[in-house]
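Step one of this worksheet: look at the structure below.
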Amino acid sequence: MQILITAGPTWEAIDAVRYIGNRSSGRTGLAIARAALEDKHQVTVLMGPCIDSSLWLDLKPNDACRILRFESTNDLKHLLDHEFPQHDVLFMAASVADYQPTSILEGKKRREPEGDLQTWTLKLQRTIDLVSELSHSPRQQRIVAFALEAAEQLDEHAVVKLERKGVDAIVANPLNTPGSQHITPTWITADNRQETPGPMTKDRFGRWLVDKIKEL
């Protein structure tokens, strides 16, 4: 099986040195990649910026594993447009920005002298919904999305997101997941199956999730 995995954050540039980012470490996506390789699948990882190299030293590019890098949501879109048609399954584990600056300032925004402008207002626009765009196009591929929500609204919001995006399954996680080595996932499918296996390491979760894809 050809498996496509996105991992890590996006950076949306504000100026030449600043950006809007998030706390994603990429651990979840990389754990899925390891598990898929152990299962003898062909794996392509689309990896975001600033992922600690020690987390993926064991993922050596070879005949079974390709690693492609992205920085912004637009970068990731271009990679997905090219790679998605060549794969059987997409695990959309990257933490993609919901908003990006409407324009990128040239150079570096200077700090104003004391007494001058004391606030700086950024105008943001919604980023394209990459998962929804892929899932609503003609496809044979299976798509697994991810949802990060407050614990008390986790299942409810994940189901709404699954239906809105039109994916085959969604993994719902509480807000303390980014940057952690552990995960407490809830697996929800488009045909209303739900499973919560309890807390586990992200490496163990990767193996569990690759097994779940066989049920779709």
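Letters A, B, ... mark the chains of the structure tokens in the order given; residue numbers begin at 1 per chain; ligand numbers begin at 1, in order shown.
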
Find the residues near Gln42 of chain A: any atom within 7 Å, counting only C-alpha atoms, skip ones fewer than 3 places away on the same chain, and give them as a ChimeraX atom specification. /A:1-3,37,64-65

Can I get the selected residues back with N, CA and C atoms, as a compact mmCIF listing (two decimals), in the first residue's frame?
# COMPACT_ATOMS: atom_id res chain seq x y z
N MET A 1 0.84 -1.19 0.00
CA MET A 1 0.00 0.00 0.00
C MET A 1 0.89 1.25 0.00
N GLN A 2 0.47 2.25 -0.75
CA GLN A 2 1.18 3.53 -0.80
C GLN A 2 0.55 4.48 0.22
N ILE A 3 1.32 4.86 1.23
CA ILE A 3 0.78 5.67 2.32
C ILE A 3 1.44 7.04 2.34
N LEU A 37 6.15 1.71 7.76
CA LEU A 37 7.35 1.09 7.21
C LEU A 37 7.58 -0.29 7.81
N ALA A 64 11.67 2.58 0.06
CA ALA A 64 10.38 2.45 0.74
C ALA A 64 9.93 3.74 1.42
N CYS A 65 10.82 4.71 1.56
CA CYS A 65 10.52 5.92 2.34
C CYS A 65 11.02 7.17 1.64

Would you list the contacts of Thr10 of chain A as a list in words, taking every protein, DNA or RNA residue within 9 Å and counting only C-alpha atoms, but skipping same-chain residues closer than 3 positions in sequence?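 My list of contacting residues is Ile20, Gly21, Asn22, Ser24, Gly48, Pro49, Phe70, Glu71, Ser72, Thr73, Leu76, Ala94, Ser95, Val96 and Ala97 of chain A.
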
Which residues, written as an MDAnalysis selection string, have at least one atom at most 9 Å from Asp191 of chain A, with only C-alpha atoms counted and residues fewer than 2 positions away on the same chain left out? chainID A and resid 168:169 188:189 193

Write a file of the selected residues as a PDB file, in the first residue's frame, keeping N, CA and C atoms.
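part.pdb was written with the following content:
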ATOM      1  N   ASP A 168     -12.896   9.689   5.584  1.00  0.00           N
ATOM      2  CA  ASP A 168     -13.301   8.328   5.937  1.00  0.00           C
ATOM      3  C   ASP A 168     -13.235   8.069   7.436  1.00  0.00           C
ATOM      4  N   ALA A 169     -12.332   8.758   8.117  1.00  0.00           N
ATOM      5  CA  ALA A 169     -12.200   8.614   9.569  1.00  0.00           C
ATOM      6  C   ALA A 169     -11.480   9.834  10.115  1.00  0.00           C
ATOM      7  N   ILE A 188     -12.974   7.808  15.091  1.00  0.00           N
ATOM      8  CA  ILE A 188     -14.367   7.899  14.649  1.00  0.00           C
ATOM      9  C   ILE A 188     -14.397   7.732  13.133  1.00  0.00           C
ATOM     10  N   THR A 189     -15.266   6.860  12.638  1.00  0.00           N
ATOM     11  CA  THR A 189     -15.352   6.608  11.201  1.00  0.00           C
ATOM     12  C   THR A 189     -16.629   7.206  10.618  1.00  0.00           C
ATOM     13  N   ARG A 193     -18.612   4.244  13.551  1.00  0.00           N
ATOM     14  CA  ARG A 193     -17.884   3.424  14.515  1.00  0.00           C
ATOM     15  C   ARG A 193     -16.957   4.324  15.330  1.00  0.00           C
TER      16      ARG A 193
END

Using only C-alpha atoms, which residues sit within 12 Å of segment 51-56 of chain A once same-chain residues fewer than 2 positions away are excluded, as an mmCIF file with C-alpha atoms, in the first residue's frame?
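Below is the file that was written, selection_12.cif:
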data_model
loop_
_atom_site.group_PDB
_atom_site.id
_atom_site.type_symbol
_atom_site.label_atom_id
_atom_site.label_comp_id
_atom_site.auth_asym_id
_atom_site.auth_seq_id
_atom_site.Cartn_x
_atom_site.Cartn_y
_atom_site.Cartn_z
ATOM 1 C CA ALA A 7 3.636 15.773 9.923
ATOM 2 C CA GLY A 8 4.510 18.849 11.942
ATOM 3 C CA PRO A 9 3.412 22.492 11.881
ATOM 4 C CA THR A 10 3.015 25.089 9.184
ATOM 5 C CA TRP A 11 4.671 28.494 9.335
ATOM 6 C CA ASN A 22 2.006 26.297 16.376
ATOM 7 C CA ARG A 23 3.374 23.791 18.904
ATOM 8 C CA SER A 24 3.221 20.655 16.767
ATOM 9 C CA SER A 25 6.377 18.536 17.129
ATOM 10 C CA GLY A 26 5.640 16.135 14.261
ATOM 11 C CA ARG A 27 5.880 13.126 16.594
ATOM 12 C CA THR A 28 2.453 11.744 15.674
ATOM 13 C CA GLY A 29 3.039 11.771 11.932
ATOM 14 C CA LEU A 30 6.522 10.320 12.305
ATOM 15 C CA ALA A 31 5.200 7.525 14.537
ATOM 16 C CA ILE A 32 2.652 6.638 11.853
ATOM 17 C CA ALA A 33 5.438 6.607 9.261
ATOM 18 C CA ARG A 34 7.566 4.212 11.326
ATOM 19 C CA VAL A 45 6.231 11.831 4.570
ATOM 20 C CA LEU A 46 5.453 15.503 3.969
ATOM 21 C CA MET A 47 7.326 17.110 6.856
ATOM 22 C CA GLY A 48 6.853 20.612 8.204
ATOM 23 C CA PRO A 49 9.505 23.054 9.455
ATOM 24 C CA ASP A 58 15.829 6.570 11.848
ATOM 25 C CA LEU A 59 13.651 7.467 8.855
ATOM 26 C CA LYS A 60 16.257 7.127 6.143
ATOM 27 C CA PRO A 61 15.069 8.004 2.635
ATOM 28 C CA CYS A 65 10.520 5.918 2.342
ATOM 29 C CA ILE A 67 10.648 12.626 2.846
ATOM 30 C CA ARG A 69 9.652 19.253 3.195
ATOM 31 C CA PHE A 70 7.159 22.108 3.374
ATOM 32 C CA GLU A 71 6.926 25.350 5.317
ATOM 33 C CA ALA A 94 0.137 17.907 10.209
ATOM 34 C CA GLY A 179 4.575 18.447 21.853
ATOM 35 C CA GLN A 181 5.171 12.033 23.778
ATOM 36 C CA LYS A 202 2.751 8.062 20.092
ATOM 37 C CA ASP A 203 4.884 5.203 18.750
#

Considering only C-alpha atoms, return as a ChimeraX atom specification whatever protein or nucleic-acid residues lie within 12 Å of His87 of chain A, sequence-local ones (same chain, fewer than 6 positions apart) excluded. /A:1-5,41-45,80-81,139-143

Any chance you could export the current selection's N, CA and C atoms as a compact mmCIF listing (two decimals), in the first residue's frame?
# COMPACT_ATOMS: atom_id res chain seq x y z
N MET A 1 0.84 -1.19 0.00
CA MET A 1 0.00 0.00 0.00
C MET A 1 0.89 1.25 0.00
N GLN A 2 0.47 2.25 -0.75
CA GLN A 2 1.18 3.53 -0.80
C GLN A 2 0.55 4.48 0.22
N ILE A 3 1.32 4.86 1.23
CA ILE A 3 0.78 5.67 2.32
C ILE A 3 1.44 7.04 2.34
N LEU A 4 0.61 8.08 2.39
CA LEU A 4 1.05 9.47 2.42
C LEU A 4 0.73 10.04 3.81
N ILE A 5 1.73 10.65 4.44
CA ILE A 5 1.58 11.16 5.80
C ILE A 5 2.08 12.59 5.86
N HIS A 41 4.86 -1.09 4.08
CA HIS A 41 4.19 -0.22 3.12
C HIS A 41 5.20 0.74 2.49
N GLN A 42 4.84 1.31 1.36
CA GLN A 42 5.61 2.39 0.75
C GLN A 42 5.13 3.70 1.36
N VAL A 43 6.04 4.51 1.88
CA VAL A 43 5.67 5.67 2.68
C VAL A 43 6.27 6.95 2.11
N THR A 44 5.44 7.98 2.01
CA THR A 44 5.92 9.33 1.72
C THR A 44 5.51 10.22 2.88
N VAL A 45 6.49 10.91 3.46
CA VAL A 45 6.23 11.83 4.57
C VAL A 45 6.41 13.26 4.07
N LEU A 80 0.68 18.14 -1.79
CA LEU A 80 -0.47 17.24 -1.77
C LEU A 80 -1.08 17.10 -3.16
N ASP A 81 -1.17 18.19 -3.89
CA ASP A 81 -1.73 18.13 -5.25
C ASP A 81 -0.95 17.15 -6.11
N ARG A 139 -12.22 10.53 -5.90
CA ARG A 139 -11.08 9.81 -5.32
C ARG A 139 -11.44 8.38 -4.98
N GLN A 140 -10.41 7.54 -4.94
CA GLN A 140 -10.52 6.18 -4.42
C GLN A 140 -9.76 6.06 -3.10
N GLN A 141 -8.90 7.04 -2.82
CA GLN A 141 -8.04 6.98 -1.64
C GLN A 141 -8.86 7.14 -0.35
N ARG A 142 -8.35 6.54 0.70
CA ARG A 142 -8.92 6.75 2.03
C ARG A 142 -8.18 7.89 2.71
N ILE A 143 -8.93 8.71 3.42
CA ILE A 143 -8.36 9.88 4.11
C ILE A 143 -8.70 9.82 5.59

Run DSSP on the backbone and give me the residues of segment 26-140 of chain A it puts in strand (DSSP E), as a ChimeraX atom specification. /A:42-47,65-69,89-92,99-101,124-126

Which is closest to Ile14 of chain A among A:Glu106, A:Asp129, A:Glu112, A:Glu215, if we use only C-alpha atoms?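 For Ile14 of chain A, the nearest of the given residues is A:Glu106.
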
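Comparing A:Thr201, A:Ser132, A:Thr196, A:Asn74 by their smallest distance to His182 of chain A, the closest is A:Thr201 (using only C-alpha atoms).
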
Contacts of Lys109 of chain A within 9 Å, only C-alpha atoms, excl. fewer than 6 positions in-chain, as JSON, numbers by chain: {"A": [14, 15, 16, 17, 18]}

What does the distance between atom CA of Arg204 of chain A and atom CA of Asp88 of chain A come to in Å, to one decimal place? 22.4 Å

Residue neighbourhood segment 152-156 of chain A, 7 Å, only C-alpha atoms, exclusion window fewer than 3 positions, as a PyMOL selection string: chain A and resi 149+159-160+172+174

Write down as a ChimeraX atom specification the residues of segment 68-146 of chain A whose backbone DSSP state falls under alpha helix (DSSP H). /A:73-83,130-135

Please produce a file of those selected residues containing C-alpha atoms, as a compact mmCIF listing (two decimals), in the first residue's frame.
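Output saved as part.txt:
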# COMPACT_ATOMS: atom_id res chain seq x y z
CA THR A 73 0.06 25.85 4.02
CA ASN A 74 0.49 26.81 0.37
CA ASP A 75 3.70 24.75 0.17
CA LEU A 76 1.85 21.76 1.60
CA LYS A 77 -1.01 22.22 -0.86
CA HIS A 78 1.39 22.02 -3.82
CA LEU A 79 2.93 18.81 -2.44
CA LEU A 80 -0.47 17.24 -1.77
CA ASP A 81 -1.73 18.13 -5.25
CA HIS A 82 1.19 16.20 -6.71
CA GLU A 83 1.50 13.31 -4.24
CA LEU A 130 -6.62 21.13 2.32
CA VAL A 131 -8.40 18.02 3.62
CA SER A 132 -11.84 19.13 2.50
CA GLU A 133 -10.54 20.00 -0.97
CA LEU A 134 -9.01 16.54 -1.38
CA SER A 135 -11.87 14.57 0.12
